[in-house]
>>> print(open('query_21.pdb').read())   # PDB, C-alpha atoms
ATOM      1  CA  MET A   1       9.935 -12.980   6.701  1.00  0.00           C
ATOM      2  CA  PRO A   2      12.306 -15.903   6.212  1.00  0.00           C
ATOM      3  CA  TYR A   3      16.013 -15.396   6.677  1.00  0.00           C
ATOM      4  CA  GLY A   4      18.181 -15.086   3.620  1.00  0.00           C
ATOM      5  CA  ALA A   5      19.900 -12.615   1.355  1.00  0.00           C
ATOM      6  CA  TYR A   6      17.439  -9.910   0.329  1.00  0.00           C
ATOM      7  CA  ASP A   7      18.027  -6.831  -1.762  1.00  0.00           C
ATOM      8  CA  ARG A   8      15.197  -4.976  -0.043  1.00  0.00           C
ATOM      9  CA  ARG A   9      15.168  -3.707   3.504  1.00  0.00           C
ATOM     10  CA  TYR A  10      12.639  -5.552   5.648  1.00  0.00           C
ATOM     11  CA  TYR A  11      13.109  -3.534   8.862  1.00  0.00           C
ATOM     12  CA  ASP A  12      12.627   0.209   8.620  1.00  0.00           C
ATOM     13  CA  PRO A  13      12.692   1.929  12.049  1.00  0.00           C
ATOM     14  CA  ALA A  14      11.390   5.247  10.700  1.00  0.00           C
ATOM     15  CA  ASN A  15       8.475   3.558   8.959  1.00  0.00           C
ATOM     16  CA  LEU A  16       7.710   1.517  12.075  1.00  0.00           C
ATOM     17  CA  ALA A  17       7.621   4.711  14.177  1.00  0.00           C
ATOM     18  CA  THR A  18       5.289   6.354  11.652  1.00  0.00           C
ATOM     19  CA  VAL A  19       2.950   3.366  11.663  1.00  0.00           C
ATOM     20  CA  ALA A  20       2.951   3.372  15.485  1.00  0.00           C
ATOM     21  CA  ARG A  21       1.886   7.044  15.490  1.00  0.00           C
ATOM     22  CA  MET A  22      -0.845   6.347  12.923  1.00  0.00           C
ATOM     23  CA  LEU A  23      -2.240   3.478  15.020  1.00  0.00           C
ATOM     24  CA  GLN A  24      -2.453   5.442  18.274  1.00  0.00           C
ATOM     25  CA  HIS A  25      -6.205   6.029  17.884  1.00  0.00           C
ATOM     26  CA  VAL A  26      -7.052   2.753  16.164  1.00  0.00           C
ATOM     27  CA  ASP A  27      -9.008   0.081  17.993  1.00  0.00           C
ATOM     28  CA  ILE A  28      -7.480  -3.344  17.361  1.00  0.00           C
ATOM     29  CA  ARG A  29      -9.535  -6.240  18.665  1.00  0.00           C
ATOM     30  CA  TYR A  30      -8.743  -9.928  19.095  1.00  0.00           C
ATOM     31  CA  THR A  31     -12.022 -11.846  19.127  1.00  0.00           C
ATOM     32  CA  ASP A  32     -14.513 -13.574  16.855  1.00  0.00           C
ATOM     33  CA  PHE A  33     -15.368 -11.307  13.943  1.00  0.00           C
ATOM     34  CA  GLU A  34     -19.089 -11.213  14.782  1.00  0.00           C
ATOM     35  CA  LEU A  35     -18.359  -9.898  18.270  1.00  0.00           C
ATOM     36  CA  CYS A  36     -15.746  -7.534  16.920  1.00  0.00           C
ATOM     37  CA  LEU A  37     -18.154  -5.985  14.408  1.00  0.00           C
ATOM     38  CA  ALA A  38     -21.282  -5.875  16.570  1.00  0.00           C
ATOM     39  CA  ASP A  39     -20.922  -2.205  17.510  1.00  0.00           C
ATOM     40  CA  VAL A  40     -19.475  -0.641  14.360  1.00  0.00           C
ATOM     41  CA  THR A  41     -21.469   2.230  12.891  1.00  0.00           C
ATOM     42  CA  ALA A  42     -21.815   4.020   9.580  1.00  0.00           C
ATOM     43  CA  GLU A  43     -19.028   6.344  10.761  1.00  0.00           C
ATOM     44  CA  ASP A  44     -16.566   3.434  10.790  1.00  0.00           C
ATOM     45  CA  PHE A  45     -14.637   1.791   7.982  1.00  0.00           C
ATOM     46  CA  VAL A  46     -13.892  -1.930   8.295  1.00  0.00           C
ATOM     47  CA  TYR A  47     -11.161  -3.846   6.492  1.00  0.00           C
ATOM     48  CA  LEU A  48     -11.461  -7.636   6.727  1.00  0.00           C
ATOM     49  CA  ASP A  49      -8.588  -9.990   5.957  1.00  0.00           C
ATOM     50  CA  PRO A  50      -9.864 -13.462   6.870  1.00  0.00           C
ATOM     51  CA  PRO A  51      -7.996 -16.691   6.258  1.00  0.00           C
ATOM     52  CA  TYR A  52      -8.399 -17.026   2.518  1.00  0.00           C
ATOM     53  CA  TYR A  53     -10.687 -19.644   1.066  1.00  0.00           C
ATOM     54  CA  LYS A  54      -8.805 -22.737  -0.064  1.00  0.00           C
ATOM     55  CA  GLN A  55      -7.530 -22.920  -3.603  1.00  0.00           C
ATOM     56  CA  GLY A  56      -6.177 -26.442  -3.422  1.00  0.00           C
ATOM     57  CA  GLY A  57      -2.990 -28.070  -2.258  1.00  0.00           C
ATOM     58  CA  PHE A  58      -1.428 -26.409   0.756  1.00  0.00           C
ATOM     59  CA  SER A  59      -2.701 -22.912  -0.047  1.00  0.00           C
ATOM     60  CA  ASP A  60      -5.571 -23.077   2.429  1.00  0.00           C
ATOM     61  CA  PHE A  61      -4.371 -20.432   4.927  1.00  0.00           C
ATOM     62  CA  ASP A  62      -6.119 -22.185   7.819  1.00  0.00           C
ATOM     63  CA  ARG A  63      -3.150 -23.846   9.471  1.00  0.00           C
ATOM     64  CA  TYR A  64      -1.798 -20.730  11.193  1.00  0.00           C
ATOM     65  CA  THR A  65      -3.726 -21.340  14.412  1.00  0.00           C
ATOM     66  CA  LYS A  66      -5.391 -24.260  16.155  1.00  0.00           C
ATOM     67  CA  PHE A  67      -8.758 -22.852  15.069  1.00  0.00           C
ATOM     68  CA  LYS A  68      -9.790 -23.612  11.509  1.00  0.00           C
ATOM     69  CA  PHE A  69     -11.635 -21.086   9.344  1.00  0.00           C
ATOM     70  CA  ARG A  70     -13.838 -23.347   7.298  1.00  0.00           C
ATOM     71  CA  GLU A  71     -16.446 -22.915   4.587  1.00  0.00           C
ATOM     72  CA  ASN A  72     -19.211 -22.263   7.153  1.00  0.00           C
ATOM     73  CA  ASP A  73     -17.099 -19.448   8.611  1.00  0.00           C
ATOM     74  CA  GLN A  74     -16.713 -17.945   5.131  1.00  0.00           C
ATOM     75  CA  ILE A  75     -20.503 -18.037   4.742  1.00  0.00           C
ATOM     76  CA  ARG A  76     -20.993 -16.534   8.196  1.00  0.00           C
ATOM     77  CA  LEU A  77     -18.542 -13.738   7.339  1.00  0.00           C
ATOM     78  CA  ALA A  78     -20.394 -12.956   4.094  1.00  0.00           C
ATOM     79  CA  CYS A  79     -23.653 -12.722   6.076  1.00  0.00           C
ATOM     80  CA  VAL A  80     -22.042 -10.325   8.547  1.00  0.00           C
ATOM     81  CA  CYS A  81     -20.772  -8.212   5.620  1.00  0.00           C
ATOM     82  CA  ARG A  82     -24.303  -7.989   4.244  1.00  0.00           C
ATOM     83  CA  GLU A  83     -25.550  -6.920   7.694  1.00  0.00           C
ATOM     84  CA  LEU A  84     -22.842  -4.250   7.853  1.00  0.00           C
ATOM     85  CA  ASP A  85     -23.910  -3.055   4.417  1.00  0.00           C
ATOM     86  CA  GLU A  86     -27.530  -2.757   5.596  1.00  0.00           C
ATOM     87  CA  ARG A  87     -26.317  -0.671   8.579  1.00  0.00           C
ATOM     88  CA  GLY A  88     -24.453   1.690   6.231  1.00  0.00           C
ATOM     89  CA  VAL A  89     -20.960   0.558   7.279  1.00  0.00           C
ATOM     90  CA  ARG A  90     -18.365   0.804   4.511  1.00  0.00           C
ATOM     91  CA  TRP A  91     -16.115  -2.245   4.296  1.00  0.00           C
ATOM     92  CA  ALA A  92     -13.446  -3.869   2.168  1.00  0.00           C
ATOM     93  CA  LEU A  93     -12.500  -7.541   2.286  1.00  0.00           C
ATOM     94  CA  SER A  94      -9.681  -9.493   0.669  1.00  0.00           C
ATOM     95  CA  ASN A  95      -9.941 -13.187  -0.158  1.00  0.00           C
ATOM     96  CA  SER A  96      -9.100 -15.830  -2.737  1.00  0.00           C
ATOM     97  CA  ASP A  97     -10.404 -15.363  -6.253  1.00  0.00           C
ATOM     98  CA  THR A  98     -12.538 -18.485  -6.425  1.00  0.00           C
ATOM     99  CA  PRO A  99     -16.060 -19.151  -7.716  1.00  0.00           C
ATOM    100  CA  PHE A 100     -17.174 -19.856  -4.126  1.00  0.00           C
ATOM    101  CA  VAL A 101     -15.982 -16.456  -2.840  1.00  0.00           C
ATOM    102  CA  ARG A 102     -17.404 -14.656  -5.878  1.00  0.00           C
ATOM    103  CA  THR A 103     -20.783 -16.307  -5.209  1.00  0.00           C
ATOM    104  CA  LEU A 104     -20.745 -15.293  -1.542  1.00  0.00           C
ATOM    105  CA  TYR A 105     -20.211 -11.637  -2.427  1.00  0.00           C
ATOM    106  CA  ASP A 106     -22.247 -11.475  -5.622  1.00  0.00           C
ATOM    107  CA  GLY A 107     -23.543  -7.952  -6.192  1.00  0.00           C
ATOM    108  CA  TYR A 108     -20.588  -6.226  -4.551  1.00  0.00           C
ATOM    109  CA  ARG A 109     -17.717  -4.545  -6.344  1.00  0.00           C
ATOM    110  CA  MET A 110     -14.851  -6.987  -6.932  1.00  0.00           C
ATOM    111  CA  GLU A 111     -11.385  -5.921  -7.974  1.00  0.00           C
ATOM    112  CA  THR A 112      -8.870  -8.544  -9.079  1.00  0.00           C
ATOM    113  CA  ILE A 113      -5.484  -7.973  -7.456  1.00  0.00           C
ATOM    114  CA  ASP A 114      -2.214  -9.568  -8.532  1.00  0.00           C
ATOM    115  CA  ALA A 115      -0.448 -10.710  -5.371  1.00  0.00           C
ATOM    116  CA  ARG A 116       2.971 -12.200  -4.872  1.00  0.00           C
ATOM    117  CA  ARG A 117       3.737 -15.017  -2.471  1.00  0.00           C
ATOM    118  CA  GLU A 118       7.210 -14.661  -0.995  1.00  0.00           C
ATOM    119  CA  ILE A 119       7.241 -18.229   0.298  1.00  0.00           C
ATOM    120  CA  ASN A 120       6.619 -20.871  -2.322  1.00  0.00           C
ATOM    121  CA  LEU A 121       8.319 -24.108  -3.286  1.00  0.00           C
ATOM    122  CA  ASN A 122       8.256 -23.216  -6.977  1.00  0.00           C
ATOM    123  CA  SER A 123       9.444 -19.639  -7.563  1.00  0.00           C
ATOM    124  CA  GLY A 124       7.665 -19.572 -10.927  1.00  0.00           C
ATOM    125  CA  GLU A 125       4.315 -19.854  -9.148  1.00  0.00           C
ATOM    126  CA  ARG A 126       4.665 -16.945  -6.748  1.00  0.00           C
ATOM    127  CA  SER A 127       2.134 -14.704  -8.456  1.00  0.00           C
ATOM    128  CA  ILE A 128      -1.519 -15.323  -7.633  1.00  0.00           C
ATOM    129  CA  GLN A 129      -4.779 -13.475  -8.136  1.00  0.00           C
ATOM    130  CA  GLU A 130      -6.822 -12.350  -5.156  1.00  0.00           C
ATOM    131  CA  LEU A 131     -10.064 -10.439  -4.778  1.00  0.00           C
ATOM    132  CA  LEU A 132     -10.623  -7.124  -3.088  1.00  0.00           C
ATOM    133  CA  ILE A 133     -14.357  -6.942  -2.406  1.00  0.00           C
ATOM    134  CA  LEU A 134     -15.897  -3.576  -1.552  1.00  0.00           C
ATOM    135  CA  ASN A 135     -19.416  -2.505  -0.627  1.00  0.00           C
ATOM    136  CA  TYR A 136     -19.001   1.083  -1.761  1.00  0.00           C
ATOM    137  CA  PRO A 137     -18.778   2.589  -5.233  1.00  0.00           C
ATOM    138  CA  GLN A 138     -15.558   3.484  -6.951  1.00  0.00           C
ATOM    139  CA  PRO A 139     -15.171   7.273  -7.105  1.00  0.00           C
ATOM    140  CA  SER A 140     -14.788   8.704 -10.570  1.00  0.00           C
ATOM    141  CA  ARG A 141     -12.392  11.456 -11.531  1.00  0.00           C
ATOM    142  CA  ASN A 142     -15.165  14.041 -11.282  1.00  0.00           C
ATOM    143  CA  GLY A 143     -16.230  12.904  -7.800  1.00  0.00           C
ATOM    144  CA  SER A 144     -19.393  11.030  -8.819  1.00  0.00           C
ATOM    145  CA  PRO A 145     -19.553   7.385  -7.728  1.00  0.00           C
ATOM    146  CA  VAL A 146     -19.081   4.695 -10.351  1.00  0.00           C
ATOM    147  CA  TYR A 147     -20.860   1.434  -9.599  1.00  0.00           C
ATOM    148  CA  ARG A 148     -19.220  -1.640 -11.033  1.00  0.00           C
ATOM    149  CA  SER A 149     -19.573  -5.282 -10.139  1.00  0.00           C
ATOM    150  CA  GLN A 150     -17.679  -8.198 -11.622  1.00  0.00           C
ATOM    151  CA  THR A 151     -19.233 -11.613 -11.357  1.00  0.00           C
ATOM    152  CA  ALA A 152     -17.893 -14.978 -12.392  1.00  0.00           C
TER     153      ALA A 152
END
>>> encode(input="query_21.pdb", output="structure tokens")
Amino acid sequence: MPYGAYDRRYYDPANLATVARMLQHVDIRYTDFELCLADVTAEDFVYLDPPYYKQGGFSDFDRYTKFKFRENDQIRLACVCRELDERGVRWALSNSDTPFVRTLYDGYRMETIDARREINLNSGERSIQELLILNYPQPSRNGSPVYRSQTA
């Protein structure tokens, strides 16, 4: 987080300790996503947070490393998600709310999420819409699954 005067606390030692305890039995991997997901099973849950698909200007999210996450990588990721779905693996993925992303994940449940960007040249443009894409049904209040898909 950038330095400055903030009303909210950005370092919480108690919360950090709690998160550390929660992650003790979590497997965190640093590798290509295809290799990382090769051995997941239907007993696993996978959350994917790739570099978001470009929305124009400098909001492309692919300049954080020397490796670019381009359109072909987005397509490859969508294919891997479909393979996971066929294997019975539950997953959730966040990405930009663009026609391209909606096309890649057509048929899956898509929830529009209002997100806030803390770093932005124009403070009036800090709110943006993202997609949370899920391959499992939304539970209803009575416990029965509710299937819902939003398409562009």
>>> atom_distance(input="query_21.pdb", atom1="CA of Ile75 in chain A", atom2="CA of Tyr105 in chain A")
9.6 Å
>>> closest_atom_pairs(input="query_21.pdb", of="range 47-117 of chain A", to="range 20-35 of chain A", cutoff="12 Å", atoms="only C-alpha atoms", output="JSON lines")
{"residue": "A:Tyr47", "atom": "CA", "partner": "A:Phe33", "partner_atom": "CA", "distance": 11.4}
{"residue": "A:Leu48", "atom": "CA", "partner": "A:Phe33", "partner_atom": "CA", "distance": 9.0}
{"residue": "A:Asp49", "atom": "CA", "partner": "A:Phe33", "partner_atom": "CA", "distance": 10.6}
{"residue": "A:Pro50", "atom": "CA", "partner": "A:Phe33", "partner_atom": "CA", "distance": 9.2}
{"residue": "A:Pro51", "atom": "CA", "partner": "A:Phe33", "partner_atom": "CA", "distance": 11.9}
{"residue": "A:Phe67", "atom": "CA", "partner": "A:Asp32", "partner_atom": "CA", "distance": 11.1}
{"residue": "A:Phe69", "atom": "CA", "partner": "A:Asp32", "partner_atom": "CA", "distance": 11.0}
{"residue": "A:Asp73", "atom": "CA", "partner": "A:Phe33", "partner_atom": "CA", "distance": 9.9}
{"residue": "A:Gln74", "atom": "CA", "partner": "A:Phe33", "partner_atom": "CA", "distance": 11.1}
{"residue": "A:Arg76", "atom": "CA", "partner": "A:Glu34", "partner_atom": "CA", "distance": 8.7}
{"residue": "A:Leu77", "atom": "CA", "partner": "A:Phe33", "partner_atom": "CA", "distance": 7.7}
{"residue": "A:Ala78", "atom": "CA", "partner": "A:Glu34", "partner_atom": "CA", "distance": 10.9}
{"residue": "A:Cys79", "atom": "CA", "partner": "A:Glu34", "partner_atom": "CA", "distance": 9.9}
{"residue": "A:Val80", "atom": "CA", "partner": "A:Glu34", "partner_atom": "CA", "distance": 7.0}
{"residue": "A:Cys81", "atom": "CA", "partner": "A:Glu34", "partner_atom": "CA", "distance": 9.8}
{"residue": "A:Glu83", "atom": "CA", "partner": "A:Glu34", "partner_atom": "CA", "distance": 10.5}
{"residue": "A:Leu84", "atom": "CA", "partner": "A:Glu34", "partner_atom": "CA", "distance": 10.5}
>>> axis_aligned_box(input="query_21.pdb", around="range 71-85 of chain A", padding_each_side="4 Å", output="JSON")
{"center_x": -21.0, "center_y": -13.0, "center_z": 6.4, "size_x": 17.1, "size_y": 27.9, "size_z": 12.5}
>>> atom_distance(input="query_21.pdb", atom1="CA of Phe45 in chain A", atom2="CA of Arg90 in chain A")
5.2 Å
>>> closest_residue(input="query_21.pdb", among="A:Arg141, A:Arg102, A:Arg109, A:Lys54", to="Glu71 in chain A", atoms="all atoms listed in the file")
A:Lys54
>>> closest_residue(input="query_21.pdb", among="A:Asn15, A:Thr41, A:Asn95, A:Asn72", to="Gln129 in chain A", atoms="only C-alpha atoms")
A:Asn95
>>> residues_around(input="query_21.pdb", residues="Glu111 in chain A", least_positions_apart="6", cutoff="7 Å", atoms="all atoms listed in the file", output="mmCIF file with C-alpha atoms, keeping the file's coordinate frame")
data_model
loop_
_atom_site.group_PDB
_atom_site.id
_atom_site.type_symbol
_atom_site.label_atom_id
_atom_site.label_comp_id
_atom_site.auth_asym_id
_atom_site.auth_seq_id
_atom_site.Cartn_x
_atom_site.Cartn_y
_atom_site.Cartn_z
ATOM 1 C CA LEU A 131 -10.064 -10.439 -4.778
ATOM 2 C CA LEU A 132 -10.623 -7.124 -3.088
ATOM 3 C CA ILE A 133 -14.357 -6.942 -2.406
#
>>> atom_distance(input="query_21.pdb", atom1="CA of Ser94 in chain A", atom2="CA of Tyr136 in chain A")
14.3 Å
>>> closest_residue(input="query_21.pdb", among="A:Asp12, A:Asp106, A:Asp114, A:Asp85", to="Val40 in chain A", atoms="all atoms listed in the file")
A:Asp85
